[in-house]
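Below: model38.tsv (TSV, C-alpha atoms)
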chain	number	residue	atom	x	y	z
A	1	MET	CA	8.35	-48.55	11.83
A	2	LEU	CA	11.72	-47.65	10.32
A	3	ASN	CA	10.48	-44.14	9.45
A	4	THR	CA	9.30	-43.61	13.04
A	5	LEU	CA	12.69	-44.67	14.40
A	6	GLN	CA	14.44	-42.38	11.93
A	7	ASN	CA	12.16	-39.47	12.94
A	8	VAL	CA	12.93	-40.05	16.63
A	9	GLN	CA	16.65	-40.25	15.93
A	10	ALA	CA	16.49	-37.08	13.80
A	11	ALA	CA	14.63	-35.23	16.57
A	12	ALA	CA	17.20	-36.38	19.15
A	13	LEU	CA	20.04	-35.29	16.88
A	14	GLN	CA	18.41	-31.89	16.34
A	15	ALA	CA	18.00	-31.43	20.11
A	16	ASP	CA	21.66	-32.37	20.60
A	17	MET	CA	22.69	-29.86	17.96
A	18	GLN	CA	20.58	-27.09	19.47
A	19	GLY	CA	21.81	-27.66	23.01
A	20	LEU	CA	20.27	-26.32	26.19
A	21	GLU	CA	20.04	-22.69	27.29
A	22	TYR	CA	21.13	-21.67	30.77
A	23	LEU	CA	20.74	-18.42	32.67
A	24	VAL	CA	24.15	-17.67	34.15
A	25	PHE	CA	24.27	-16.10	37.61
A	26	THR	CA	27.16	-15.35	39.93
A	27	LEU	CA	27.84	-15.90	43.58
A	28	GLY	CA	31.23	-14.38	44.30
A	29	ALA	CA	33.68	-15.42	41.61
A	30	GLN	CA	31.80	-18.61	40.69
A	31	GLU	CA	29.31	-18.85	37.85
A	32	TYR	CA	26.25	-21.06	38.01
A	33	GLY	CA	23.76	-22.05	35.34
A	34	ILE	CA	20.06	-22.86	35.60
A	35	ASP	CA	17.64	-23.98	32.92
A	36	ILE	CA	16.34	-20.82	31.24
A	37	LEU	CA	12.90	-22.40	30.88
A	38	LYS	CA	12.47	-22.23	34.68
A	39	VAL	CA	13.05	-18.45	34.77
A	40	GLN	CA	9.96	-16.26	34.92
A	41	GLU	CA	11.66	-12.89	35.39
A	42	ILE	CA	14.64	-11.07	36.89
A	43	ARG	CA	14.14	-8.20	39.34
A	44	GLY	CA	16.39	-5.94	41.36
A	45	TYR	CA	16.56	-6.92	45.04
A	46	ASP	CA	14.59	-4.59	47.32
A	47	SER	CA	14.73	-5.50	51.00
A	48	GLN	CA	11.75	-3.21	51.64
A	49	THR	CA	9.44	-5.61	49.78
A	50	VAL	CA	10.58	-8.78	51.59
A	51	THR	CA	8.67	-9.73	54.73
A	52	ARG	CA	10.66	-11.82	57.21
A	53	ILE	CA	8.97	-14.93	58.62
A	54	ALA	CA	9.84	-16.37	62.03
A	55	ASN	CA	11.04	-19.96	62.45
A	56	VAL	CA	12.11	-20.65	58.87
A	57	PRO	CA	15.61	-21.73	57.80
A	58	GLY	CA	18.15	-18.89	57.66
A	59	PHE	CA	18.58	-19.05	53.90
A	60	ILE	CA	14.95	-17.96	53.44
A	61	LYS	CA	15.00	-14.16	53.50
A	62	GLY	CA	11.22	-14.03	53.71
A	63	VAL	CA	8.35	-13.66	51.28
A	64	THR	CA	7.22	-11.02	48.84
A	65	ASN	CA	3.96	-10.31	47.09
A	66	LEU	CA	4.46	-10.54	43.34
A	67	ARG	CA	1.26	-9.48	41.58
A	68	GLY	CA	-0.90	-11.28	44.15
A	69	VAL	CA	1.32	-14.38	44.50
A	70	ILE	CA	3.22	-14.90	47.76
A	71	VAL	CA	6.77	-15.82	46.72
A	72	PRO	CA	9.42	-17.20	49.12
A	73	ILE	CA	12.80	-15.49	48.65
A	74	VAL	CA	15.89	-17.69	49.06
A	75	ASP	CA	19.40	-16.28	49.51
A	76	MET	CA	21.59	-18.61	47.44
A	77	ARG	CA	24.76	-17.51	49.26
A	78	ILE	CA	23.36	-18.78	52.55
A	79	LYS	CA	21.87	-21.89	50.92
A	80	PHE	CA	25.29	-22.78	49.48
A	81	ASN	CA	27.15	-21.94	52.73
A	82	LEU	CA	29.10	-19.07	51.16
A	83	GLU	CA	30.28	-15.93	52.97
A	84	THR	CA	27.71	-13.19	53.26
A	85	VAL	CA	28.12	-9.92	51.40
A	86	GLU	CA	26.32	-6.61	51.36
A	87	TYR	CA	23.65	-6.45	48.70
A	88	ASP	CA	24.31	-3.80	46.08
A	89	HIS	CA	22.82	-2.47	42.83
A	90	GLN	CA	23.83	-5.66	41.00
A	91	THR	CA	22.09	-7.99	43.45
A	92	VAL	CA	19.03	-9.48	41.78
A	93	VAL	CA	16.17	-11.83	42.46
A	94	VAL	CA	15.57	-14.46	39.82
A	95	ILE	CA	11.90	-15.41	39.90
A	96	LEU	CA	11.50	-19.09	39.04
A	97	ASN	CA	8.40	-20.85	37.84
A	98	LEU	CA	8.68	-24.41	39.14
A	99	GLY	CA	5.42	-26.06	38.17
A	100	ALA	CA	2.84	-25.02	40.74
A	101	ARG	CA	5.41	-23.15	42.84
A	102	VAL	CA	6.94	-19.71	42.28
A	103	VAL	CA	10.21	-19.04	44.14
A	104	GLY	CA	12.66	-16.14	44.08
A	105	VAL	CA	16.41	-16.64	44.51
A	106	VAL	CA	18.78	-13.82	45.49
A	107	VAL	CA	22.08	-13.91	43.58
A	108	ASP	CA	25.01	-11.51	43.24
A	109	GLY	CA	24.23	-10.86	39.60
A	110	VAL	CA	23.12	-12.29	36.29
A	111	SER	CA	25.59	-12.19	33.43
A	112	ASP	CA	24.04	-13.79	30.37
A	113	VAL	CA	22.22	-16.68	28.75
A	114	LEU	CA	24.41	-19.40	27.26
A	115	MET	CA	23.62	-22.33	25.04
A	116	LEU	CA	25.59	-25.45	25.89
A	117	GLN	CA	25.85	-28.49	23.69
A	118	PRO	CA	25.78	-31.92	25.38
A	119	ALA	CA	29.52	-32.31	24.64
A	120	GLN	CA	30.17	-29.18	26.76
A	121	ILE	CA	28.55	-30.68	29.86
A	122	SER	CA	30.47	-33.04	32.14
A	123	ALA	CA	29.05	-35.16	34.95
A	124	ALA	CA	28.77	-33.49	38.35
A	125	PRO	CA	31.68	-34.19	40.70
A	126	GLN	CA	30.96	-36.28	43.77
A	127	PHE	CA	33.18	-34.25	46.11
A	128	GLY	CA	34.50	-30.76	46.77
A	129	THR	CA	31.25	-28.83	46.33
A	130	THR	CA	29.66	-26.51	48.85
A	131	PHE	CA	26.27	-28.14	48.57
A	132	ALA	CA	24.81	-31.59	48.07
A	133	THR	CA	25.60	-32.98	44.63
A	134	GLU	CA	22.06	-34.26	44.08
A	135	TYR	CA	21.24	-30.67	43.09
A	136	LEU	CA	23.88	-30.61	40.35
A	137	THR	CA	23.21	-31.58	36.77
A	138	GLY	CA	26.83	-31.19	35.71
A	139	ILE	CA	29.68	-28.84	34.93
A	140	GLY	CA	29.39	-26.78	31.77
A	141	THR	CA	32.47	-25.58	29.95
A	142	LEU	CA	32.64	-22.86	27.33
A	143	ASP	CA	36.14	-21.82	26.33
A	144	GLU	CA	37.80	-20.95	29.67
A	145	ARG	CA	34.53	-20.60	31.57
A	146	MET	CA	33.21	-23.27	33.91
A	147	LEU	CA	29.61	-23.21	35.10
A	148	ILE	CA	28.16	-25.25	37.91
A	149	LEU	CA	24.84	-26.41	36.46
A	150	VAL	CA	22.16	-26.57	39.13
A	151	ASP	CA	18.92	-28.54	39.02
A	152	ILE	CA	17.05	-25.57	40.42
A	153	GLU	CA	13.74	-27.36	40.53
A	154	LYS	CA	15.12	-30.15	42.72
A	155	LEU	CA	16.88	-27.62	44.93
A	156	MET	CA	13.85	-25.36	45.33
A	157	THR	CA	11.28	-28.09	45.91
A	158	SER	CA	13.05	-29.37	48.98
A	159	GLU	CA	11.23	-30.02	52.25
A	160	GLU	CA	12.76	-26.85	53.71
A	161	LEU	CA	10.78	-24.65	51.33
A	162	GLN	CA	7.57	-26.43	52.23
A	163	LEU	CA	8.06	-24.95	55.70
A	164	VAL	CA	7.57	-21.49	54.23
A	165	GLU	CA	4.34	-22.47	52.52
A	166	HIS	CA	2.96	-23.79	55.82
A	167	ALA	CA	4.12	-20.66	57.68
A	168	VAL	CA	2.33	-18.22	55.36
A	169	VAL	CA	-0.90	-20.21	54.87
Translate the structure described by the file into structure tokens.
Amino acid sequence: MLNTLQNVQAAALQADMQGLEYLVFTLGAQEYGIDILKVQEIRGYDSQTVTRIANVPGFIKGVTNLRGVIVPIVDMRIKFNLETVEYDHQTVVVILNLGARVVGVVVDGVSDVLMLQPAQISAAPQFGTTFATEYLTGIGTLDERMLILVDIEKLMTSEELQLVEHAVV
């Protein structure tokens, strides 16, 4: 029994020491982080491959066919109520694998992958954000950088995205 407890504690300590990896993306001047394990791939944004669907929320740009899978494409700027910008060569779509659902999110750019230790992650604030805090996992700090850590699975499995699935079926 004692050995089992020690093994569990050792595994927890090792996980704490290893930290969690986040894909860092930008929207304007702000950096956001999402769990790297949710990322399937990163692609350049091509408006020619996105098919608009009527009567879906404005933040849903449409759908695209990704190797036979119909993928809803979400504009994170619109979702987070940020000003709109012209897409350019740095605009990318991050394809997310969220269990049984594949979703693409349009972001201004992707900068890097960072590993954050638990001590570098603070609790999410309860005010002053541009979107509901239930989608935040915390604020990550690394030197002078601050990342808003997003629970992308909770954000992308909202009822609003289910509208897209019903519209394309």
Name the residues in contact with Lys79 (chain A) at a cut-off of 9 Å, using only C-alpha atoms, excluding same-chain residues fewer than 5 positions from it; report them as a ChimeraX atom specification.
/A:58-60,74,131
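Between CA of Asn65 (chain A) and CA of Ala100 (chain A) the interatomic distance comes to 16.1 Å.
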Excluding same-chain residues fewer than 2 positions from Val105 (chain A), what lies within 12 Å of it counting only C-alpha atoms, as a ChimeraX atom specification?
/A:25-27,34,38-45,59-64,71-80,91-97,102-103,107-110,152-153,155-156,161
Counting all atoms listed in the file, what is within 6 Å of Leu147 (chain A), bar same-chain residues fewer than 4 positions away, as a list in words?
Glu31, Tyr32, Gly33, Ile139 and Gly140 of chain A
Given 4 Å of margin on each side, can you work out the centre and size in Å (one decimal) of an axis-aligned box holding every listed atom of region 25-41 of chain A, as lines of an AutoDock Vina configuration file?
center_x = 21.8
center_y = -18.4
center_z = 37.6
size_x = 31.7
size_y = 19.1
size_z = 21.4
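If you measure from each of A:Val106, A:Met146, A:Leu82, A:Ser47 to Ser122 (chain A) using all atoms listed in the file, the closest one turns out to be A:Met146.
The space separating CA of Leu37 (chain A) from CA of Ile121 (chain A) comes to 17.7 Å.
In terms of minimum interatomic distance to Pro125 (chain A), A:Gly138 ranks closest within A:Gly138, A:Leu20, A:Arg67, A:Leu149, counting only C-alpha atoms.
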Would you mind reading off the distance between CA of Gln90 (chain A) and CA of Tyr22 (chain A), one decimal, in Å?
19.2 Å
Missing atoms in region 131-148 of chain A: fill them in up to N, CA and C atoms and send the result as a JSON list (two decimals), in the frame of the given file.
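Result written to result_21.json:
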[["chain", "number", "residue", "atom", "x", "y", "z"],
["A", 131, "PHE", "N", 27.63, -27.70, 48.31],
["A", 131, "PHE", "CA", 26.27, -28.14, 48.57],
["A", 131, "PHE", "C", 26.10, -29.55, 48.03],
["A", 132, "ALA", "N", 25.04, -30.20, 48.45],
["A", 132, "ALA", "CA", 24.81, -31.59, 48.07],
["A", 132, "ALA", "C", 24.79, -31.76, 46.56],
["A", 133, "THR", "N", 25.47, -32.78, 46.07],
["A", 133, "THR", "CA", 25.60, -32.98, 44.63],
["A", 133, "THR", "C", 24.31, -33.46, 43.97],
["A", 134, "GLU", "N", 23.31, -33.86, 44.73],
["A", 134, "GLU", "CA", 22.06, -34.26, 44.08],
["A", 134, "GLU", "C", 21.38, -33.08, 43.41],
["A", 135, "TYR", "N", 21.80, -31.86, 43.72],
["A", 135, "TYR", "CA", 21.24, -30.67, 43.09],
["A", 135, "TYR", "C", 22.01, -30.23, 41.86],
["A", 136, "LEU", "N", 23.07, -30.94, 41.52],
["A", 136, "LEU", "CA", 23.88, -30.61, 40.35],
["A", 136, "LEU", "C", 23.47, -31.45, 39.15],
["A", 137, "THR", "N", 23.44, -30.81, 37.99],
["A", 137, "THR", "CA", 23.21, -31.58, 36.77],
["A", 137, "THR", "C", 24.52, -31.79, 36.02],
["A", 138, "GLY", "N", 25.54, -31.02, 36.35],
["A", 138, "GLY", "CA", 26.83, -31.19, 35.71],
["A", 138, "GLY", "C", 27.66, -29.93, 35.78],
["A", 139, "ILE", "N", 28.78, -29.98, 35.06],
["A", 139, "ILE", "CA", 29.68, -28.84, 34.93],
["A", 139, "ILE", "C", 29.72, -28.47, 33.45],
["A", 140, "GLY", "N", 29.36, -27.25, 33.15],
["A", 140, "GLY", "CA", 29.39, -26.78, 31.77],
["A", 140, "GLY", "C", 30.69, -26.04, 31.49],
["A", 141, "THR", "N", 31.25, -26.27, 30.33],
["A", 141, "THR", "CA", 32.47, -25.58, 29.95],
["A", 141, "THR", "C", 32.26, -24.88, 28.61],
["A", 142, "LEU", "N", 32.71, -23.65, 28.55],
["A", 142, "LEU", "CA", 32.64, -22.86, 27.33],
["A", 142, "LEU", "C", 33.91, -22.04, 27.28],
["A", 143, "ASP", "N", 34.81, -22.41, 26.39],
["A", 143, "ASP", "CA", 36.14, -21.82, 26.33],
["A", 143, "ASP", "C", 36.80, -21.98, 27.69],
["A", 144, "GLU", "N", 37.15, -20.88, 28.35],
["A", 144, "GLU", "CA", 37.80, -20.95, 29.67],
["A", 144, "GLU", "C", 36.81, -20.87, 30.83],
["A", 145, "ARG", "N", 35.54, -20.73, 30.53],
["A", 145, "ARG", "CA", 34.53, -20.60, 31.57],
["A", 145, "ARG", "C", 34.06, -21.97, 32.02],
["A", 146, "MET", "N", 33.82, -22.07, 33.33],
["A", 146, "MET", "CA", 33.21, -23.27, 33.91],
["A", 146, "MET", "C", 31.98, -22.84, 34.69],
["A", 147, "LEU", "N", 30.86, -23.49, 34.41],
["A", 147, "LEU", "CA", 29.61, -23.21, 35.10],
["A", 147, "LEU", "C", 29.20, -24.42, 35.91],
["A", 148, "ILE", "N", 28.77, -24.19, 37.13],
["A", 148, "ILE", "CA", 28.16, -25.25, 37.91],
["A", 148, "ILE", "C", 26.68, -25.24, 37.52]]
